[in-house]
>>> print(open('entry.txt').read())   # compact mmCIF, C-alpha atoms
# COMPACT_ATOMS: atom_id res chain seq x y z
CA MET A 1 0.00 0.00 0.00
CA ASP A 2 1.36 3.40 -1.00
CA ILE A 3 0.82 5.64 2.03
CA ALA A 4 1.47 8.90 0.17
CA THR A 5 -1.38 8.26 -2.30
CA VAL A 6 -3.88 7.37 0.41
CA VAL A 7 -2.87 10.20 2.75
CA GLY A 8 -2.86 12.73 -0.08
CA LEU A 9 -6.34 11.79 -1.28
CA VAL A 10 -7.80 11.70 2.23
CA LEU A 11 -6.17 15.01 3.16
CA ALA A 12 -7.51 16.66 0.00
CA GLN A 13 -11.04 15.50 0.80
CA ILE A 14 -10.77 16.75 4.38
CA LEU A 15 -9.55 20.19 3.31
CA ILE A 16 -12.20 20.61 0.63
CA LEU A 17 -15.07 19.28 2.74
CA GLY A 18 -13.89 21.36 5.69
CA SER A 19 -13.94 24.56 3.67
CA ILE A 20 -17.37 23.68 2.30
CA MET A 21 -18.81 22.95 5.75
CA MET A 22 -17.43 26.24 7.08
CA GLY A 23 -19.11 28.09 4.21
CA ALA A 24 -22.43 27.38 2.54
CA GLY A 25 -22.66 23.81 3.79
CA LEU A 26 -22.48 20.47 1.99
CA GLN A 27 -26.04 20.56 0.66
CA ALA A 28 -25.31 23.67 -1.39
CA PHE A 29 -22.57 21.78 -3.27
CA VAL A 30 -24.65 18.76 -4.22
CA ASP A 31 -26.39 18.83 -7.59
CA VAL A 32 -27.17 15.53 -9.27
CA PRO A 33 -27.46 16.79 -12.89
CA SER A 34 -24.07 18.51 -12.56
CA ILE A 35 -22.52 15.32 -11.21
CA VAL A 36 -23.98 13.30 -14.08
CA ILE A 37 -22.69 15.77 -16.70
CA VAL A 38 -19.14 15.92 -15.33
CA PHE A 39 -18.51 12.34 -14.17
CA GLY A 40 -20.63 10.61 -16.79
CA GLY A 41 -19.53 12.91 -19.57
CA THR A 42 -15.84 12.41 -18.70
CA ILE A 43 -16.18 8.63 -18.82
CA ALA A 44 -18.18 8.73 -22.06
CA ALA A 45 -15.75 11.05 -23.84
CA THR A 46 -12.79 8.95 -22.69
CA MET A 47 -14.44 5.81 -24.06
CA VAL A 48 -14.72 7.58 -27.41
CA SER A 49 -11.00 8.42 -27.26
CA PHE A 50 -9.71 4.88 -26.55
CA PRO A 51 -10.56 1.29 -27.51
CA MET A 52 -12.61 -0.51 -24.89
CA ASN A 53 -9.82 -2.96 -24.00
CA LYS A 54 -7.40 -0.12 -23.22
CA PHE A 55 -10.04 1.77 -21.27
CA THR A 56 -10.93 -1.22 -19.06
CA ALA A 57 -7.26 -2.28 -18.66
CA THR A 58 -6.53 1.12 -17.12
CA VAL A 59 -8.36 0.06 -13.95
CA LYS A 60 -5.76 -2.64 -13.29
CA VAL A 61 -2.86 -0.30 -14.05
CA VAL A 62 -4.26 2.42 -11.77
CA LYS A 63 -4.08 -0.02 -8.85
CA LYS A 64 -0.32 0.52 -8.91
CA THR A 65 -0.89 4.03 -7.57
CA PHE A 66 -2.21 2.40 -4.39
CA MET A 67 -0.65 -1.07 -4.29
CA TYR A 68 3.12 -1.19 -4.76
CA VAL A 69 4.84 -4.41 -3.72
CA LEU A 70 8.21 -4.22 -5.50
CA ALA A 71 11.26 -4.57 -3.29
CA SER A 72 13.46 -1.55 -2.80
CA LEU A 73 16.45 -1.28 -5.12
CA PRO A 74 19.12 -1.88 -2.39
CA GLU A 75 17.20 -4.97 -1.25
CA GLN A 76 17.01 -6.20 -4.82
CA ILE A 77 20.76 -5.74 -5.30
CA GLU A 78 21.51 -7.73 -2.13
CA SER A 79 19.17 -10.45 -3.36
CA MET A 80 20.91 -10.65 -6.72
CA ALA A 81 24.30 -10.90 -4.99
CA GLU A 82 22.96 -13.82 -2.92
CA PHE A 83 21.79 -15.58 -6.08
CA ALA A 84 25.23 -15.00 -7.62
CA ALA A 85 26.92 -16.55 -4.57
CA LEU A 86 24.62 -19.58 -4.75
CA ALA A 87 25.24 -20.02 -8.49
CA ARG A 88 29.03 -19.89 -8.08
CA ARG A 89 28.96 -22.22 -5.10
CA GLU A 90 26.52 -24.87 -6.32
CA GLY A 91 25.99 -24.14 -10.01
CA LEU A 92 23.20 -22.49 -11.98
CA LEU A 93 20.85 -25.43 -11.49
CA ALA A 94 20.82 -24.70 -7.75
CA LEU A 95 18.85 -21.53 -8.52
CA GLU A 96 15.82 -23.65 -9.39
CA GLU A 97 15.35 -24.65 -5.76
CA LYS A 98 15.14 -20.98 -4.77
CA LEU A 99 12.52 -20.01 -7.33
CA GLU A 100 9.64 -20.98 -5.02
CA THR A 101 10.80 -18.35 -2.52
CA VAL A 102 10.87 -15.57 -5.14
CA GLU A 103 7.65 -13.53 -5.34
CA ASP A 104 8.43 -11.30 -8.33
CA PRO A 105 7.22 -13.02 -11.57
CA PHE A 106 9.73 -11.06 -13.66
CA LEU A 107 12.67 -12.29 -11.60
CA VAL A 108 11.32 -15.83 -11.56
CA LYS A 109 11.06 -15.81 -15.34
CA GLY A 110 14.59 -14.49 -15.74
CA LEU A 111 16.12 -17.05 -13.39
CA ARG A 112 14.09 -19.81 -15.03
CA LEU A 113 15.54 -18.87 -18.41
CA VAL A 114 19.03 -19.08 -16.91
CA VAL A 115 18.35 -22.49 -15.35
CA ASP A 116 16.94 -23.75 -18.66
CA GLY A 117 20.18 -22.84 -20.40
CA PHE A 118 19.11 -19.96 -22.65
CA PRO A 119 22.06 -17.92 -23.99
CA PRO A 120 22.67 -14.57 -22.21
CA GLU A 121 21.73 -12.51 -25.27
CA VAL A 122 18.42 -14.40 -25.58
CA VAL A 123 17.69 -13.89 -21.88
CA ARG A 124 18.37 -10.18 -22.23
CA ASP A 125 16.14 -9.93 -25.32
CA ILE A 126 13.22 -11.80 -23.73
CA LEU A 127 13.33 -9.82 -20.50
CA GLY A 128 13.85 -6.60 -22.43
CA THR A 129 10.66 -7.30 -24.38
CA ASP A 130 8.79 -7.95 -21.13
CA LEU A 131 10.10 -4.66 -19.78
CA TYR A 132 8.98 -2.82 -22.91
CA THR A 133 5.44 -4.22 -22.73
CA MET A 134 5.23 -3.21 -19.07
CA GLN A 135 6.24 0.32 -19.98
CA GLU A 136 3.60 0.39 -22.73
CA ARG A 137 0.85 -0.71 -20.31
CA HIS A 138 1.80 2.04 -17.90
CA ALA A 139 2.03 4.57 -20.72
CA VAL A 140 -1.48 3.72 -21.91
CA GLY A 141 -2.85 3.97 -18.37
CA LYS A 142 -1.22 7.36 -17.88
CA CYS A 143 -2.51 8.52 -21.26
CA VAL A 144 -6.08 7.54 -20.32
CA LEU A 145 -5.85 9.37 -16.98
CA ASP A 146 -4.31 12.43 -18.64
CA LYS A 147 -7.13 12.49 -21.19
CA MET A 148 -9.74 12.19 -18.43
CA GLY A 149 -8.03 15.00 -16.56
CA GLU A 150 -8.20 17.09 -19.72
CA ILE A 151 -11.85 16.27 -20.41
CA ALA A 152 -13.24 16.78 -16.88
CA PRO A 153 -12.81 20.59 -16.73
CA ALA A 154 -14.22 20.86 -20.26
CA MET A 155 -17.28 18.88 -19.19
CA GLY A 156 -17.57 21.18 -16.18
CA MET A 157 -17.57 24.19 -18.49
CA LEU A 158 -20.13 22.50 -20.73
CA GLY A 159 -22.40 21.96 -17.73
CA THR A 160 -21.93 25.56 -16.69
CA LEU A 161 -23.03 26.76 -20.14
CA ILE A 162 -26.11 24.53 -19.94
CA GLY A 163 -26.91 25.97 -16.52
CA LEU A 164 -26.43 29.55 -17.74
CA VAL A 165 -28.76 29.02 -20.66
CA THR A 166 -31.39 27.64 -18.29
CA MET A 167 -30.88 30.58 -15.94
CA LEU A 168 -31.13 33.18 -18.70
CA LYS A 169 -34.47 31.75 -19.74
CA ASN A 170 -35.78 32.57 -16.26
CA LEU A 171 -34.59 36.18 -16.05
CA SER A 172 -38.19 37.25 -15.54
CA ASP A 173 -37.96 35.77 -12.04
CA PRO A 174 -35.07 37.55 -10.23
CA SER A 175 -35.39 35.21 -7.24
CA GLN A 176 -34.15 32.32 -9.39
CA ILE A 177 -31.03 34.02 -10.72
CA GLY A 178 -28.82 33.47 -7.66
CA SER A 179 -29.65 29.81 -7.22
CA GLY A 180 -29.42 29.24 -10.98
CA MET A 181 -25.95 30.78 -11.12
CA ALA A 182 -24.81 28.66 -8.17
CA VAL A 183 -25.95 25.44 -9.85
CA ALA A 184 -24.30 26.49 -13.12
CA LEU A 185 -20.96 27.06 -11.40
CA LEU A 186 -21.12 23.72 -9.57
CA THR A 187 -20.26 21.82 -12.74
CA THR A 188 -17.07 23.89 -13.09
CA PHE A 189 -16.23 23.00 -9.50
CA TYR A 190 -16.84 19.30 -10.11
CA GLY A 191 -14.69 19.33 -13.24
CA ALA A 192 -11.80 21.10 -11.51
CA TYR A 193 -12.08 18.79 -8.51
CA LEU A 194 -12.10 15.58 -10.56
CA SER A 195 -9.21 16.70 -12.74
CA ASN A 196 -6.84 18.30 -10.22
CA ILE A 197 -7.51 16.26 -7.09
CA ILE A 198 -7.89 12.77 -8.55
CA LEU A 199 -7.09 12.20 -12.23
CA LEU A 200 -3.97 14.26 -12.94
CA PRO A 201 -2.22 13.43 -9.62
CA MET A 202 -2.89 9.72 -10.21
CA ALA A 203 -1.50 10.01 -13.75
CA CYS A 204 1.65 11.61 -12.31
CA LYS A 205 1.98 8.87 -9.68
CA LEU A 206 1.53 6.20 -12.34
CA ASP A 207 4.35 7.75 -14.36
CA GLN A 208 6.58 7.62 -11.27
CA ARG A 209 5.63 3.97 -10.76
CA LYS A 210 6.64 3.22 -14.34
CA LYS A 211 10.05 4.83 -13.83
CA GLU A 212 10.63 3.02 -10.53
CA GLU A 213 9.57 -0.34 -11.94
CA THR A 214 11.67 0.19 -15.06
CA LEU A 215 14.73 0.88 -12.90
CA ILE A 216 14.20 -2.23 -10.79
CA ARG A 217 13.50 -4.43 -13.82
CA SER A 218 16.62 -3.09 -15.57
CA THR A 219 18.63 -3.91 -12.46
CA MET A 220 17.22 -7.43 -12.45
CA ILE A 221 18.15 -7.95 -16.10
CA GLU A 222 21.74 -6.87 -15.54
CA GLY A 223 21.96 -8.99 -12.41
CA ILE A 224 20.53 -12.10 -14.08
CA VAL A 225 22.94 -11.82 -17.02
CA ALA A 226 25.87 -11.25 -14.64
CA ILE A 227 24.89 -14.36 -12.66
CA GLN A 228 24.66 -16.37 -15.86
CA ASN A 229 28.14 -15.16 -16.86
CA GLY A 230 29.53 -16.44 -13.56
CA ASP A 231 30.47 -13.09 -12.08
CA LYS A 232 31.52 -12.98 -8.43
CA PRO A 233 28.88 -11.75 -5.95
CA ALA A 234 30.96 -8.68 -5.13
CA MET A 235 31.28 -7.87 -8.83
CA VAL A 236 27.52 -8.31 -9.35
CA LYS A 237 26.81 -5.98 -6.45
CA GLU A 238 29.20 -3.32 -7.74
CA LYS A 239 27.69 -3.49 -11.23
CA LEU A 240 24.16 -3.09 -9.91
CA LYS A 241 25.05 -0.32 -7.45
CA ALA A 242 25.56 1.90 -10.51
CA PHE A 243 21.75 2.10 -10.66
CA LEU A 244 21.61 3.71 -7.20
CA PRO A 245 21.78 7.42 -6.41
CA PRO A 246 25.16 8.35 -4.85
CA ALA A 247 23.67 8.95 -1.38
CA VAL A 248 21.95 5.54 -1.32
CA ARG A 249 25.09 3.89 -2.68
CA ASP A 250 27.21 5.44 0.09
CA ALA A 251 24.69 4.37 2.73
CA MET A 252 24.80 0.84 1.35
CA ASP A 253 28.61 0.83 1.54
CA GLU A 254 28.56 2.08 5.12
CA LYS A 255 26.11 -0.62 6.11
CA ALA A 256 28.34 -3.27 4.52
CA LYS A 257 31.30 -2.10 6.64
CA GLU A 258 29.41 -2.52 9.91
>>> encode(input="entry.txt", output="structure tokens")
Amino acid sequence: MDIATVVGLVLAQILILGSIMMGAGLQAFVDVPSIVIVFGGTIAATMVSFPMNKFTATVKVVKKTFMYVLASLPEQIESMAEFAALARREGLLALEEKLETVEDPFLVKGLRLVVDGFPPEVVRDILGTDLYTMQERHAVGKCVLDKMGEIAPAMGMLGTLIGLVTMLKNLSDPSQIGSGMAVALLTTFYGAYLSNIILLPMACKLDQRKKEETLIRSTMIEGIVAIQNGDKPAMVKEKLKAFLPPAVRDAMDEKAKE
């Protein structure tokens, strides 16, 4: 579970609801037709923009903004060094016994290819293709969320125009102008809320997830190929530490000295 995503969303709701309750009250900000126009219109327009399979697949990809179970990069490097030590000590076939303890499907696949005797260049190509398809899935998910974030304010403006037209038709009754204007502006509020509090931040987080997962997967590929080539555990660790930021690398070195 990604705490930052959950805390950020909850905090945003608290701040917005708090300001509403201290002002006109929650009831003044609830208008069913406006909600239907903004939320329903955003979904409908997005479905027009993308094939149905890509639209529905986005739900699974968006889960990564909340659920993130990949190991940290330093932990992954230590794990790859342990696999390298086992392979040098007992041979590559010994890795097969450890596969049941590995949770990451990508790493399991890579080690399985090594155990099955695939050449290093083939292993790199297969895993590289898997990495590319993962990046494409994330890119599509981000594109869908970006498009929804772009459409939502436009739908809010569309609802506002509908409300203004309705209000202008009732100018003969001045008592209706204030309430009519309030309802018209609610759709703009809903559109801005949906876009800037939910959709665009989630698209940004998904892009970060893609970069983090790409970095870890790239580290795994280099580690798996190094293990297959028979590199020493210390050499494997040094190769993979190049993926770390300098501060994290130094902290890892200090921990190793203790």
>>> closest_residue(input="entry.txt", among="A:Asn53, A:Thr187, A:Ser195, A:Ser172", to="Val140 (chain A)", atoms="all atoms listed in the file")
A:Asn53
>>> residues_around(input="entry.txt", residues="Val144 (chain A)", least_positions_apart="6", cutoff="9 Å", atoms="only C-alpha atoms", output="MDAnalysis selection string")
chainID A and resid 46 49:50 54:55 58 203
>>> atom_distance(input="entry.txt", atom1="CA of Lys237 (chain A)", atom2="CA of Glu97 (chain A)")
21.9 Å
>>> residues_around(input="entry.txt", residues="Ser79 (chain A)", least_positions_apart="5", cutoff="12 Å", atoms="all atoms listed in the file", output="JSON, numbers by chain")
{"A": [71, 72, 73, 74, 84, 85, 86, 98, 101, 102, 104, 107, 219, 220, 223, 224, 227, 233, 236, 237, 240]}
>>> write_last_selection(input="entry.txt", atoms="C-alpha atoms", output="PDB file, in the frame of the given file")
ATOM      1  CA  ALA A  71      11.260  -4.570  -3.290  1.00  0.00           C
ATOM      2  CA  SER A  72      13.460  -1.550  -2.800  1.00  0.00           C
ATOM      3  CA  LEU A  73      16.450  -1.280  -5.120  1.00  0.00           C
ATOM      4  CA  PRO A  74      19.120  -1.880  -2.390  1.00  0.00           C
ATOM      5  CA  ALA A  84      25.230 -15.000  -7.620  1.00  0.00           C
ATOM      6  CA  ALA A  85      26.920 -16.550  -4.570  1.00  0.00           C
ATOM      7  CA  LEU A  86      24.620 -19.580  -4.750  1.00  0.00           C
ATOM      8  CA  LYS A  98      15.140 -20.980  -4.770  1.00  0.00           C
ATOM      9  CA  THR A 101      10.800 -18.350  -2.520  1.00  0.00           C
ATOM     10  CA  VAL A 102      10.870 -15.570  -5.140  1.00  0.00           C
ATOM     11  CA  ASP A 104       8.430 -11.300  -8.330  1.00  0.00           C
ATOM     12  CA  LEU A 107      12.670 -12.290 -11.600  1.00  0.00           C
ATOM     13  CA  THR A 219      18.630  -3.910 -12.460  1.00  0.00           C
ATOM     14  CA  MET A 220      17.220  -7.430 -12.450  1.00  0.00           C
ATOM     15  CA  GLY A 223      21.960  -8.990 -12.410  1.00  0.00           C
ATOM     16  CA  ILE A 224      20.530 -12.100 -14.080  1.00  0.00           C
ATOM     17  CA  ILE A 227      24.890 -14.360 -12.660  1.00  0.00           C
ATOM     18  CA  PRO A 233      28.880 -11.750  -5.950  1.00  0.00           C
ATOM     19  CA  VAL A 236      27.520  -8.310  -9.350  1.00  0.00           C
ATOM     20  CA  LYS A 237      26.810  -5.980  -6.450  1.00  0.00           C
ATOM     21  CA  LEU A 240      24.160  -3.090  -9.910  1.00  0.00           C
TER      22      LEU A 240
END
>>> atom_distance(input="entry.txt", atom1="CA of Gly191 (chain A)", atom2="CA of Ala154 (chain A)")
7.2 Å
